[in-house]
Amino acid sequence: MKTFSIAIHGGAGTILPALMTPQKELAYRTALNEAIRLGSNILEKGGSSLDAVEAAVVSLEDFPLFNAGKGAVFTHKGTHEMDASIMSGLNLNAGAVSGVSKVKNPISLARLVMEKSGHVYLSGQEAEIFASNNGLPIESDNYFYTDERYKQWQDVKDSDTYQLDHTDKSEQGEKKFGTVGAVALDLHGNLAAATSTGGMTNKKFGRVGDTPIIGAGTYANNHTCAISCTGHGEYFIRAVVAYDISCLMEYKGLSLKQACDFVVKEKLVKMGGEGGLIAIDKIGNIELPFNSDGMYRAWQHSGEAIQTAIYK
Ligand code: ASP
């Protein structure tokens with residue numbers, strides 16, 4: 001029997017029960033459930049994994065507690081600069097955008113880049129012109145604003161530090177990477193991955209993390225797996241995390257679990273790269289490894305209930 005699988009994340013980091021209120025936890029779990037449900041509805045009807053991951057990520061972008069779309073973090077200049085990418089495992093087609101501040105759903109722009117631009121990666125204002133020329137919803141700064149993100153920025157804006165979504169000024173403080181992502185295997189055997197982020201609070205100089213970089217933050221290949229990452233982007237870029245997992249499977253014959261555990265729990269840890277990822281292989285196995293305290297995550301196999309988890 002043909003089956004589908006889907007997994008999503010809403011970021012990894014210092015996510016501890018002691019730092020959470022019951023109301024907030026419920027809000028997070030509700031948002032994760034809703035995003036999975038939207039993706040699964042598409043997969044159940046025979047829809048594509050690309051449609052499913054885009055729909056799930058749009059729903060997470062629209063939810064203000066995650067650092068993507070509405071609720072994206074502030075840059076040093078007090079603006080929002082969002083990054084996103086999407087990839088099809090069927091044909092290795094990919095689309096990515098970085099530094100967009102007006103597009104309501106950056107993941108839909110990444111999809112548009114993949115399908116209509118003739119390119120893989122567009123950035124900044126020109127990418128936004130491409131978005132509005134193609135009818136994607138555009139929003140004002142107010143739409144992306146949330147009090148919580150504004151406060152996080154106020155805490156560090158006069159310093160040289162940049163924060164991973166939510167970090168106390170002290171190194172020991174709470175760290176949370178609120179990037180969102182989805183991976184899916186559809187009934188036709190096609191894999192897809194999508195990732196979207198506001199990046200890091202107080203980021204400067206047009207800083208771009210791993211999220212829009214194909215092979216670093218996002219990768220999908222029908223022969224191996226689909227991956228979406230969250231964490232300290234500089235390390236994920238240097239470790240080429242998503243592609244590395246696919247390569248370990250393709251060239252060394254590792255299982256999804258072996259490849260994920262090696263990259264997230266050994267390689268990244270040795271480098272000092274905090275974070276995690278979600279992964280699905282070509283037969284629907286799901287892995288959700290992270291080397292931080294927690295990761296907002298949810299997953300579902302066809303015919304089974306939706307599962308959500310936050311802590312270790
Ligand atoms: N990986 C993202 C970045 O470095 C941050 C995150 O995962 O929240 O931009």
# chains A, B, ... in the order shown; residues from 1 in each chain; ligands from 1

call {"tool": "residues_around", "arguments": {"residues": "Gly47 of chain A", "least_positions_apart": "4", "cutoff": "12 Å", "atoms": "only C-alpha atoms", "output": "ChimeraX atom specification"}}
result
/A:4,38-43,51-55,184-191

call {"tool": "residues_around", "arguments": {"residues": "segment 232-238 of chain A", "least_positions_apart": "6", "cutoff": "12 Å", "atoms": "only C-alpha atoms", "output": "NGL selection string"}}
result
:A and (11-13 or 83 or 162-167 or 175-179 or 197-200 or 203 or 207-218 or 244-245 or 263-264 or 267-277 or 290-292)

call {"tool": "closest_residue", "arguments": {"among": "A:Ile286, A:Ala84, A:Leu19, A:Gly231", "to": "ligand 1", "atoms": "only C-alpha atoms and all ligand atoms"}}
result
A:Gly231

call {"tool": "atom_distance", "arguments": {"atom1": "atom CA of Asp155 of chain A", "atom2": "atom CA of Gly124 of chain A"}}
result
26.5 Å

call {"tool": "residues_around", "arguments": {"residues": "Tyr150 of chain A", "least_positions_apart": "5", "cutoff": "12 Å", "atoms": "only C-alpha atoms", "output": "PDB file with all heavy atoms, in the first residue's frame"}}
result
ATOM      1  N   GLY A  71       5.949  37.856  12.643  1.00  0.00           N
ATOM      2  CA  GLY A  71       6.698  37.476  13.841  1.00  0.00           C
ATOM      3  C   GLY A  71       8.180  37.278  13.577  1.00  0.00           C
ATOM      4  O   GLY A  71       8.923  36.842  14.452  1.00  0.00           O
ATOM      5  N   ALA A  72       8.632  37.617  12.367  1.00  0.00           N
ATOM      6  CA  ALA A  72      10.069  37.524  12.053  1.00  0.00           C
ATOM      7  C   ALA A  72      10.844  38.488  12.947  1.00  0.00           C
ATOM      8  O   ALA A  72      10.338  39.546  13.339  1.00  0.00           O
ATOM      9  CB  ALA A  72      10.304  37.854  10.579  1.00  0.00           C
ATOM     10  N   VAL A  73      12.087  38.139  13.272  1.00  0.00           N
ATOM     11  CA  VAL A  73      12.902  38.966  14.173  1.00  0.00           C
ATOM     12  C   VAL A  73      13.320  40.273  13.491  1.00  0.00           C
ATOM     13  O   VAL A  73      13.231  40.414  12.272  1.00  0.00           O
ATOM     14  CB  VAL A  73      14.163  38.202  14.642  1.00  0.00           C
ATOM     15  CG1 VAL A  73      13.781  36.972  15.441  1.00  0.00           C
ATOM     16  CG2 VAL A  73      15.064  37.845  13.463  1.00  0.00           C
ATOM     17  N   PHE A  74      13.804  41.209  14.333  1.00  0.00           N
ATOM     18  CA  PHE A  74      14.256  42.505  13.821  1.00  0.00           C
ATOM     19  C   PHE A  74      15.752  42.485  13.495  1.00  0.00           C
ATOM     20  O   PHE A  74      16.542  41.878  14.217  1.00  0.00           O
ATOM     21  CB  PHE A  74      14.022  43.592  14.878  1.00  0.00           C
ATOM     22  CG  PHE A  74      12.589  44.018  14.972  1.00  0.00           C
ATOM     23  CD1 PHE A  74      11.686  43.299  15.747  1.00  0.00           C
ATOM     24  CD2 PHE A  74      12.138  45.144  14.278  1.00  0.00           C
ATOM     25  CE1 PHE A  74      10.355  43.689  15.828  1.00  0.00           C
ATOM     26  CE2 PHE A  74      10.811  45.529  14.365  1.00  0.00           C
ATOM     27  CZ  PHE A  74       9.918  44.801  15.142  1.00  0.00           C
ATOM     28  N   THR A  75      16.115  43.185  12.435  1.00  0.00           N
ATOM     29  CA  THR A  75      17.541  43.369  12.108  1.00  0.00           C
ATOM     30  C   THR A  75      18.085  44.535  12.927  1.00  0.00           C
ATOM     31  O   THR A  75      17.334  45.243  13.616  1.00  0.00           O
ATOM     32  CB  THR A  75      17.729  43.737  10.633  1.00  0.00           C
ATOM     33  OG1 THR A  75      17.149  45.045  10.420  1.00  0.00           O
ATOM     34  CG2 THR A  75      17.071  42.732   9.709  1.00  0.00           C
ATOM     35  N   HIS A  76      19.375  44.777  12.838  1.00  0.00           N
ATOM     36  CA  HIS A  76      20.019  45.898  13.525  1.00  0.00           C
ATOM     37  C   HIS A  76      19.362  47.235  13.149  1.00  0.00           C
ATOM     38  O   HIS A  76      19.297  48.156  13.954  1.00  0.00           O
ATOM     39  CB  HIS A  76      21.507  45.918  13.160  1.00  0.00           C
ATOM     40  CG  HIS A  76      22.299  46.920  13.929  1.00  0.00           C
ATOM     41  ND1 HIS A  76      22.501  46.812  15.292  1.00  0.00           N
ATOM     42  CD2 HIS A  76      22.928  48.056  13.536  1.00  0.00           C
ATOM     43  CE1 HIS A  76      23.226  47.848  15.697  1.00  0.00           C
ATOM     44  NE2 HIS A  76      23.496  48.608  14.659  1.00  0.00           N
ATOM     45  N   LYS A  77      18.879  47.318  11.928  1.00  0.00           N
ATOM     46  CA  LYS A  77      18.260  48.570  11.452  1.00  0.00           C
ATOM     47  C   LYS A  77      16.792  48.671  11.867  1.00  0.00           C
ATOM     48  O   LYS A  77      16.120  49.647  11.535  1.00  0.00           O
ATOM     49  CB  LYS A  77      18.336  48.638   9.920  1.00  0.00           C
ATOM     50  CG  LYS A  77      19.752  48.846   9.390  1.00  0.00           C
ATOM     51  CD  LYS A  77      19.736  49.058   7.880  1.00  0.00           C
ATOM     52  CE  LYS A  77      19.206  47.838   7.161  1.00  0.00           C
ATOM     53  NZ  LYS A  77      19.466  47.765   5.738  1.00  0.00           N
ATOM     54  N   GLY A  78      16.280  47.644  12.545  1.00  0.00           N
ATOM     55  CA  GLY A  78      14.874  47.670  12.945  1.00  0.00           C
ATOM     56  C   GLY A  78      13.932  47.249  11.835  1.00  0.00           C
ATOM     57  O   GLY A  78      12.741  47.563  11.857  1.00  0.00           O
ATOM     58  N   THR A  79      14.465  46.513  10.861  1.00  0.00           N
ATOM     59  CA  THR A  79      13.640  46.025   9.756  1.00  0.00           C
ATOM     60  C   THR A  79      13.503  44.501   9.870  1.00  0.00           C
ATOM     61  O   THR A  79      14.013  43.885  10.811  1.00  0.00           O
ATOM     62  CB  THR A  79      14.305  46.355   8.409  1.00  0.00           C
ATOM     63  OG1 THR A  79      15.619  45.775   8.417  1.00  0.00           O
ATOM     64  CG2 THR A  79      14.425  47.856   8.209  1.00  0.00           C
ATOM     65  N   HIS A  80      12.833  43.906   8.901  1.00  0.00           N
ATOM     66  CA  HIS A  80      12.761  42.439   8.824  1.00  0.00           C
ATOM     67  C   HIS A  80      13.407  42.014   7.514  1.00  0.00           C
ATOM     68  O   HIS A  80      13.109  42.590   6.471  1.00  0.00           O
ATOM     69  CB  HIS A  80      11.306  41.964   8.846  1.00  0.00           C
ATOM     70  CG  HIS A  80      10.542  42.449  10.031  1.00  0.00           C
ATOM     71  ND1 HIS A  80      10.665  41.886  11.279  1.00  0.00           N
ATOM     72  CD2 HIS A  80       9.678  43.475  10.165  1.00  0.00           C
ATOM     73  CE1 HIS A  80       9.894  42.541  12.132  1.00  0.00           C
ATOM     74  NE2 HIS A  80       9.283  43.515  11.484  1.00  0.00           N
ATOM     75  N   ASN A 142       4.157  46.869   9.527  1.00  0.00           N
ATOM     76  CA  ASN A 142       3.254  46.602  10.655  1.00  0.00           C
ATOM     77  C   ASN A 142       2.811  45.154  10.723  1.00  0.00           C
ATOM     78  O   ASN A 142       2.632  44.594  11.802  1.00  0.00           O
ATOM     79  CB  ASN A 142       1.975  47.450  10.533  1.00  0.00           C
ATOM     80  CG  ASN A 142       2.240  48.864  10.956  1.00  0.00           C
ATOM     81  OD1 ASN A 142       3.291  49.121  11.546  1.00  0.00           O
ATOM     82  ND2 ASN A 142       1.321  49.760  10.644  1.00  0.00           N
ATOM     83  N   PHE A 144       4.415  42.477  10.014  1.00  0.00           N
ATOM     84  CA  PHE A 144       5.432  41.553  10.536  1.00  0.00           C
ATOM     85  C   PHE A 144       5.770  41.817  12.007  1.00  0.00           C
ATOM     86  O   PHE A 144       6.387  41.000  12.670  1.00  0.00           O
ATOM     87  CB  PHE A 144       6.703  41.631   9.668  1.00  0.00           C
ATOM     88  CG  PHE A 144       6.449  41.239   8.239  1.00  0.00           C
ATOM     89  CD1 PHE A 144       6.273  42.206   7.252  1.00  0.00           C
ATOM     90  CD2 PHE A 144       6.340  39.909   7.880  1.00  0.00           C
ATOM     91  CE1 PHE A 144       6.012  41.847   5.935  1.00  0.00           C
ATOM     92  CE2 PHE A 144       6.073  39.539   6.564  1.00  0.00           C
ATOM     93  CZ  PHE A 144       5.906  40.514   5.587  1.00  0.00           C
ATOM     94  N   TYR A 145       5.365  42.991  12.506  1.00  0.00           N
ATOM     95  CA  TYR A 145       5.707  43.409  13.873  1.00  0.00           C
ATOM     96  C   TYR A 145       5.017  42.540  14.933  1.00  0.00           C
ATOM     97  O   TYR A 145       3.833  42.256  14.833  1.00  0.00           O
ATOM     98  CB  TYR A 145       5.278  44.874  14.072  1.00  0.00           C
ATOM     99  CG  TYR A 145       5.495  45.376  15.479  1.00  0.00           C
ATOM    100  CD1 TYR A 145       6.652  46.071  15.809  1.00  0.00           C
ATOM    101  CD2 TYR A 145       4.553  45.124  16.485  1.00  0.00           C
ATOM    102  CE1 TYR A 145       6.863  46.516  17.109  1.00  0.00           C
ATOM    103  CE2 TYR A 145       4.759  45.560  17.782  1.00  0.00           C
ATOM    104  CZ  TYR A 145       5.908  46.253  18.086  1.00  0.00           C
ATOM    105  OH  TYR A 145       6.131  46.682  19.368  1.00  0.00           O
ATOM    106  N   ASP A 155      16.620  44.724  23.556  1.00  0.00           N
ATOM    107  CA  ASP A 155      17.627  44.227  24.507  1.00  0.00           C
ATOM    108  C   ASP A 155      19.038  44.244  23.934  1.00  0.00           C
ATOM    109  O   ASP A 155      20.003  44.304  24.679  1.00  0.00           O
ATOM    110  CB  ASP A 155      17.311  42.775  24.918  1.00  0.00           C
ATOM    111  CG  ASP A 155      16.212  42.728  25.959  1.00  0.00           C
ATOM    112  OD1 ASP A 155      15.877  43.801  26.499  1.00  0.00           O
ATOM    113  OD2 ASP A 155      15.696  41.625  26.209  1.00  0.00           O
ATOM    114  N   VAL A 156      19.169  44.103  22.640  1.00  0.00           N
ATOM    115  CA  VAL A 156      20.530  43.955  22.078  1.00  0.00           C
ATOM    116  C   VAL A 156      20.878  44.991  21.016  1.00  0.00           C
ATOM    117  O   VAL A 156      21.997  45.013  20.517  1.00  0.00           O
ATOM    118  CB  VAL A 156      20.732  42.551  21.440  1.00  0.00           C
ATOM    119  CG1 VAL A 156      20.792  41.486  22.497  1.00  0.00           C
ATOM    120  CG2 VAL A 156      19.680  42.259  20.400  1.00  0.00           C
ATOM    121  N   LYS A 157      19.951  45.870  20.699  1.00  0.00           N
ATOM    122  CA  LYS A 157      20.180  46.686  19.501  1.00  0.00           C
ATOM    123  C   LYS A 157      21.373  47.628  19.619  1.00  0.00           C
ATOM    124  O   LYS A 157      21.956  48.007  18.605  1.00  0.00           O
ATOM    125  CB  LYS A 157      18.908  47.415  19.089  1.00  0.00           C
ATOM    126  CG  LYS A 157      18.570  48.682  19.821  1.00  0.00           C
ATOM    127  CD  LYS A 157      17.306  49.224  19.185  1.00  0.00           C
ATOM    128  CE  LYS A 157      16.701  50.449  19.778  1.00  0.00           C
ATOM    129  NZ  LYS A 157      17.485  51.543  20.170  1.00  0.00           N
ATOM    130  N   ASP A 165      17.343  34.196  17.437  1.00  0.00           N
ATOM    131  CA  ASP A 165      15.917  34.312  17.708  1.00  0.00           C
ATOM    132  C   ASP A 165      15.610  34.812  19.110  1.00  0.00           C
ATOM    133  O   ASP A 165      15.035  35.849  19.284  1.00  0.00           O
ATOM    134  CB  ASP A 165      15.201  32.996  17.432  1.00  0.00           C
ATOM    135  CG  ASP A 165      13.715  33.137  17.668  1.00  0.00           C
ATOM    136  OD1 ASP A 165      13.249  34.278  17.714  1.00  0.00           O
ATOM    137  OD2 ASP A 165      13.051  32.123  17.790  1.00  0.00           O
ATOM    138  N   HIS A 166      15.997  34.053  20.128  1.00  0.00           N
ATOM    139  CA  HIS A 166      15.756  34.549  21.471  1.00  0.00           C
ATOM    140  C   HIS A 166      16.890  34.108  22.372  1.00  0.00           C
ATOM    141  O   HIS A 166      17.009  32.950  22.732  1.00  0.00           O
ATOM    142  CB  HIS A 166      14.428  34.041  22.028  1.00  0.00           C
ATOM    143  CG  HIS A 166      14.092  34.719  23.308  1.00  0.00           C
ATOM    144  ND1 HIS A 166      13.550  35.974  23.349  1.00  0.00           N
ATOM    145  CD2 HIS A 166      14.286  34.352  24.585  1.00  0.00           C
ATOM    146  CE1 HIS A 166      13.397  36.326  24.618  1.00  0.00           C
ATOM    147  NE2 HIS A 166      13.847  35.369  25.383  1.00  0.00           N
ATOM    148  N   THR A 201      18.050  37.976  15.391  1.00  0.00           N
ATOM    149  CA  THR A 201      17.794  39.316  15.918  1.00  0.00           C
ATOM    150  C   THR A 201      19.071  40.153  15.870  1.00  0.00           C
ATOM    151  O   THR A 201      20.141  39.676  16.237  1.00  0.00           O
ATOM    152  CB  THR A 201      17.322  39.225  17.385  1.00  0.00           C
ATOM    153  OG1 THR A 201      16.100  38.499  17.418  1.00  0.00           O
ATOM    154  CG2 THR A 201      17.097  40.609  17.982  1.00  0.00           C
ATOM    155  N   ASN A 202      18.934  41.409  15.415  1.00  0.00           N
ATOM    156  CA  ASN A 202      20.057  42.367  15.381  1.00  0.00           C
ATOM    157  C   ASN A 202      21.104  42.030  14.324  1.00  0.00           C
ATOM    158  O   ASN A 202      22.217  42.541  14.374  1.00  0.00           O
ATOM    159  CB  ASN A 202      20.722  42.479  16.765  1.00  0.00           C
ATOM    160  CG  ASN A 202      21.273  43.877  17.000  1.00  0.00           C
ATOM    161  OD1 ASN A 202      20.687  44.860  16.565  1.00  0.00           O
ATOM    162  ND2 ASN A 202      22.405  43.977  17.662  1.00  0.00           N
TER     163      ASN A 202
END

call {"tool": "residues_around", "arguments": {"residues": "Met87 of chain A", "least_positions_apart": "2", "cutoff": "6 Å", "atoms": "only C-alpha atoms", "output": "JSON, numbers by chain"}}
result
{"A": [93, 94, 192, 193, 220]}

call {"tool": "write_last_selection", "arguments": {"atoms": "all heavy atoms", "output": "PDB file, in the first residue's frame"}}
result
ATOM      1  N   ASN A  93      14.838  20.325  -8.612  1.00  0.00           N
ATOM      2  CA  ASN A  93      14.529  21.748  -8.811  1.00  0.00           C
ATOM      3  C   ASN A  93      14.506  22.424  -7.446  1.00  0.00           C
ATOM      4  O   ASN A  93      14.082  21.823  -6.455  1.00  0.00           O
ATOM      5  CB  ASN A  93      13.156  21.928  -9.467  1.00  0.00           C
ATOM      6  CG  ASN A  93      13.224  21.716 -10.964  1.00  0.00           C
ATOM      7  OD1 ASN A  93      14.319  21.670 -11.542  1.00  0.00           O
ATOM      8  ND2 ASN A  93      12.072  21.581 -11.587  1.00  0.00           N
ATOM      9  N   ALA A  94      14.939  23.698  -7.440  1.00  0.00           N
ATOM     10  CA  ALA A  94      14.976  24.409  -6.159  1.00  0.00           C
ATOM     11  C   ALA A  94      14.745  25.892  -6.381  1.00  0.00           C
ATOM     12  O   ALA A  94      15.021  26.425  -7.461  1.00  0.00           O
ATOM     13  CB  ALA A  94      16.330  24.189  -5.476  1.00  0.00           C
ATOM     14  N   ALA A 192       9.996  16.300  -0.761  1.00  0.00           N
ATOM     15  CA  ALA A 192      10.193  17.756  -0.887  1.00  0.00           C
ATOM     16  C   ALA A 192      10.543  18.322   0.479  1.00  0.00           C
ATOM     17  O   ALA A 192      10.205  17.738   1.515  1.00  0.00           O
ATOM     18  CB  ALA A 192       8.927  18.431  -1.417  1.00  0.00           C
ATOM     19  N   ALA A 193      11.249  19.460   0.455  1.00  0.00           N
ATOM     20  CA  ALA A 193      11.635  20.136   1.702  1.00  0.00           C
ATOM     21  C   ALA A 193      11.456  21.635   1.540  1.00  0.00           C
ATOM     22  O   ALA A 193      11.633  22.175   0.433  1.00  0.00           O
ATOM     23  CB  ALA A 193      13.091  19.829   2.038  1.00  0.00           C
ATOM     24  N   ALA A 220      16.480  18.148  -0.906  1.00  0.00           N
ATOM     25  CA  ALA A 220      15.590  17.008  -1.165  1.00  0.00           C
ATOM     26  C   ALA A 220      16.061  16.262  -2.401  1.00  0.00           C
ATOM     27  O   ALA A 220      16.413  16.884  -3.412  1.00  0.00           O
ATOM     28  CB  ALA A 220      14.154  17.476  -1.361  1.00  0.00           C
TER      29      ALA A 220
END

call {"tool": "closest_residue", "arguments": {"among": "A:Ser228, A:Ser59, A:Thr146, A:Thr3", "to": "ligand 1", "atoms": "only C-alpha atoms and all ligand atoms"}}
result
A:Ser228

call {"tool": "closest_residue", "arguments": {"among": "A:Arg297, A:His9, A:Lys2, A:Arg37", "to": "ligand 1", "atoms": "only C-alpha atoms and all ligand atoms"}}
result
A:His9

call {"tool": "closest_residue", "arguments": {"among": "A:Gly206, A:Gly89, A:Gly181, A:Pro137", "to": "Ser48 of chain A", "atoms": "only C-alpha atoms"}}
result
A:Gly89

call {"tool": "atom_distance", "arguments": {"atom1": "atom CA of Lys116 of chain A", "atom2": "atom CA of Asn222 of chain A"}}
result
22.1 Å

call {"tool": "closest_residue", "arguments": {"among": "A:Ile280, A:Ile129, A:Cys229, A:Ile6", "to": "ligand 1", "atoms": "only C-alpha atoms and all ligand atoms"}}
result
A:Cys229

call {"tool": "closest_residue", "arguments": {"among": "A:Gln307, A:Asn105, A:Ser98, A:Gln258", "to": "ligand 1", "atoms": "only C-alpha atoms and all ligand atoms"}}
result
A:Ser98

call {"tool": "atom_distance", "arguments": {"atom1": "atom CA of Gly284 of chain A", "atom2": "atom CA of His301 of chain A"}}
result
7.7 Å

call {"tool": "residues_around", "arguments": {"residues": "Ile107 of chain A", "least_positions_apart": "3", "cutoff": "7 Å", "atoms": "only C-alpha atoms", "output": "list of chain:residue names"}}
result
A:Glu54, A:Val57, A:Val58, A:Ala84, A:Ser85, A:Ala110, A:Arg111, A:Ser196

call {"tool": "write_last_selection", "arguments": {"atoms": "N, CA, C and O atoms", "output": "short mmCIF file (atom, residue, chain, number, x, y, z; two decimals), in the first residue's frame"}}
result
data_model
loop_
_atom_site.label_atom_id
_atom_site.label_comp_id
_atom_site.auth_asym_id
_atom_site.auth_seq_id
_atom_site.Cartn_x
_atom_site.Cartn_y
_atom_site.Cartn_z
N GLU A 54 4.82 23.41 1.18
CA GLU A 54 4.55 24.86 1.06
C GLU A 54 3.37 25.24 1.96
O GLU A 54 3.44 26.23 2.71
N VAL A 57 4.37 25.26 5.64
CA VAL A 57 5.25 26.38 6.00
C VAL A 57 4.50 27.71 5.95
O VAL A 57 4.71 28.57 6.82
N VAL A 58 3.59 27.88 5.00
CA VAL A 58 2.77 29.10 4.98
C VAL A 58 2.03 29.24 6.31
O VAL A 58 1.99 30.32 6.91
N ALA A 84 14.09 32.18 2.62
CA ALA A 84 13.34 30.91 2.50
C ALA A 84 13.86 30.11 1.31
O ALA A 84 14.44 30.67 0.38
N SER A 85 13.64 28.79 1.38
CA SER A 85 13.97 27.97 0.21
C SER A 85 13.08 26.72 0.17
O SER A 85 12.52 26.30 1.19
N ALA A 110 9.79 31.63 -2.80
CA ALA A 110 10.82 30.64 -3.15
C ALA A 110 10.26 29.65 -4.19
O ALA A 110 10.94 29.30 -5.16
N ARG A 111 9.03 29.24 -3.98
CA ARG A 111 8.40 28.31 -4.95
C ARG A 111 8.25 28.96 -6.32
O ARG A 111 8.49 28.33 -7.35
N SER A 196 11.87 28.36 6.16
CA SER A 196 11.65 29.80 6.11
C SER A 196 12.05 30.43 7.44
O SER A 196 11.79 29.86 8.50
#

call {"tool": "select_by_dssp", "arguments": {"residues": "segment 70-202 of chain A", "states": "alpha helix (DSSP H)", "output": "VMD selection string"}}
result
chain A and resid 106 to 112 124 to 133 141 to 144 147 to 156

call {"tool": "write_last_selection", "arguments": {"atoms": "N, CA, C and O atoms", "output": "compact mmCIF listing (two decimals), in the first residue's frame"}}
result
# COMPACT_ATOMS: atom_id res chain seq x y z
N PRO A 106 7.29 34.28 2.37
CA PRO A 106 8.54 34.08 1.62
C PRO A 106 8.66 32.68 1.00
O PRO A 106 9.27 32.53 -0.06
N ILE A 107 8.06 31.67 1.63
CA ILE A 107 8.18 30.32 1.05
C ILE A 107 7.46 30.23 -0.30
O ILE A 107 7.92 29.52 -1.20
N SER A 108 6.37 30.99 -0.44
CA SER A 108 5.66 30.97 -1.73
C SER A 108 6.47 31.69 -2.79
O SER A 108 6.42 31.34 -3.98
N LEU A 109 7.24 32.69 -2.36
CA LEU A 109 8.14 33.36 -3.31
C LEU A 109 9.25 32.40 -3.74
O LEU A 109 9.60 32.34 -4.92
N ALA A 110 9.79 31.63 -2.80
CA ALA A 110 10.82 30.64 -3.15
C ALA A 110 10.26 29.65 -4.19
O ALA A 110 10.94 29.30 -5.16
N ARG A 111 9.03 29.24 -3.98
CA ARG A 111 8.40 28.31 -4.95
C ARG A 111 8.25 28.96 -6.32
O ARG A 111 8.49 28.33 -7.35
N LEU A 112 7.85 30.23 -6.30
CA LEU A 112 7.69 30.98 -7.55
C LEU A 112 9.05 31.13 -8.27
O LEU A 112 9.12 31.01 -9.49
N GLY A 124 16.60 40.33 -2.09
CA GLY A 124 16.30 41.74 -1.84
C GLY A 124 15.14 42.32 -2.63
O GLY A 124 14.18 41.63 -2.98
N GLN A 125 15.26 43.62 -2.90
CA GLN A 125 14.15 44.36 -3.50
C GLN A 125 13.73 43.83 -4.86
O GLN A 125 12.56 43.83 -5.21
N GLU A 126 14.70 43.40 -5.64
CA GLU A 126 14.36 42.89 -6.97
C GLU A 126 13.51 41.62 -6.86
O GLU A 126 12.62 41.39 -7.67
N ALA A 127 13.81 40.82 -5.85
CA ALA A 127 13.01 39.61 -5.62
C ALA A 127 11.58 40.00 -5.26
O ALA A 127 10.62 39.33 -5.65
N GLU A 128 11.45 41.12 -4.52
CA GLU A 128 10.12 41.57 -4.14
C GLU A 128 9.33 42.11 -5.33
O GLU A 128 8.11 41.95 -5.41
N ILE A 129 10.05 42.73 -6.26
CA ILE A 129 9.38 43.19 -7.48
C ILE A 129 8.87 41.97 -8.25
O ILE A 129 7.73 41.94 -8.73
N PHE A 130 9.71 40.94 -8.32
CA PHE A 130 9.31 39.69 -8.99
C PHE A 130 8.06 39.11 -8.30
O PHE A 130 7.12 38.66 -8.95
N ALA A 131 8.04 39.18 -6.96
CA ALA A 131 6.89 38.66 -6.20
C ALA A 131 5.63 39.43 -6.53
O ALA A 131 4.58 38.84 -6.84
N SER A 132 5.71 40.76 -6.48
CA SER A 132 4.47 41.52 -6.70
C SER A 132 4.04 41.46 -8.16
O SER A 132 2.85 41.41 -8.46
N ASN A 133 5.00 41.41 -9.08
CA ASN A 133 4.64 41.24 -10.50
C ASN A 133 3.87 39.95 -10.74
O ASN A 133 3.08 39.83 -11.66
N ASP A 141 5.38 46.95 7.01
CA ASP A 141 6.17 46.58 8.20
C ASP A 141 5.28 46.17 9.36
O ASP A 141 5.61 45.25 10.12
N ASN A 142 4.16 46.87 9.53
CA ASN A 142 3.25 46.60 10.66
C ASN A 142 2.81 45.15 10.72
O ASN A 142 2.63 44.59 11.80
N TYR A 143 2.61 44.56 9.56
CA TYR A 143 2.13 43.18 9.54
C TYR A 143 3.12 42.24 10.22
O TYR A 143 2.73 41.32 10.94
N PHE A 144 4.42 42.48 10.01
CA PHE A 144 5.43 41.55 10.54
C PHE A 144 5.77 41.82 12.01
O PHE A 144 6.39 41.00 12.67
N ASP A 147 5.20 42.40 19.48
CA ASP A 147 5.82 43.01 20.67
C ASP A 147 7.01 42.20 21.16
O ASP A 147 8.03 42.75 21.54
N GLU A 148 6.85 40.87 21.14
CA GLU A 148 7.90 40.01 21.67
C GLU A 148 9.21 40.18 20.90
O GLU A 148 10.29 40.33 21.48
N ARG A 149 9.13 40.20 19.58
CA ARG A 149 10.34 40.37 18.76
C ARG A 149 10.94 41.76 18.96
O ARG A 149 12.16 41.92 18.95
N TYR A 150 10.06 42.75 19.12
CA TYR A 150 10.54 44.12 19.31
C TYR A 150 11.34 44.21 20.61
O TYR A 150 12.42 44.78 20.65
N LYS A 151 10.80 43.58 21.67
CA LYS A 151 11.51 43.59 22.96
C LYS A 151 12.86 42.89 22.85
O LYS A 151 13.86 43.35 23.40
N GLN A 152 12.89 41.76 22.16
CA GLN A 152 14.16 41.03 21.98
C GLN A 152 15.19 41.93 21.31
O GLN A 152 16.37 41.95 21.66
N TRP A 153 14.73 42.69 20.33
CA TRP A 153 15.66 43.57 19.60
C TRP A 153 16.12 44.72 20.49
O TRP A 153 17.30 45.07 20.50
N GLN A 154 15.18 45.28 21.28
CA GLN A 154 15.55 46.40 22.17
C GLN A 154 16.65 45.98 23.13
O GLN A 154 17.52 46.77 23.47
N ASP A 155 16.62 44.72 23.56
CA ASP A 155 17.63 44.23 24.51
C ASP A 155 19.04 44.24 23.93
O ASP A 155 20.00 44.30 24.68
N VAL A 156 19.17 44.10 22.64
CA VAL A 156 20.53 43.95 22.08
C VAL A 156 20.88 44.99 21.02
O VAL A 156 22.00 45.01 20.52

call {"tool": "residues_around", "arguments": {"residues": "Ala298 of chain A", "least_positions_apart": "4", "cutoff": "12 Å", "atoms": "only C-alpha atoms", "output": "PyMOL selection string"}}
result
chain A and resi 5-11+28-37+39-40+56+60+180-184+277-279+286-288+305-311
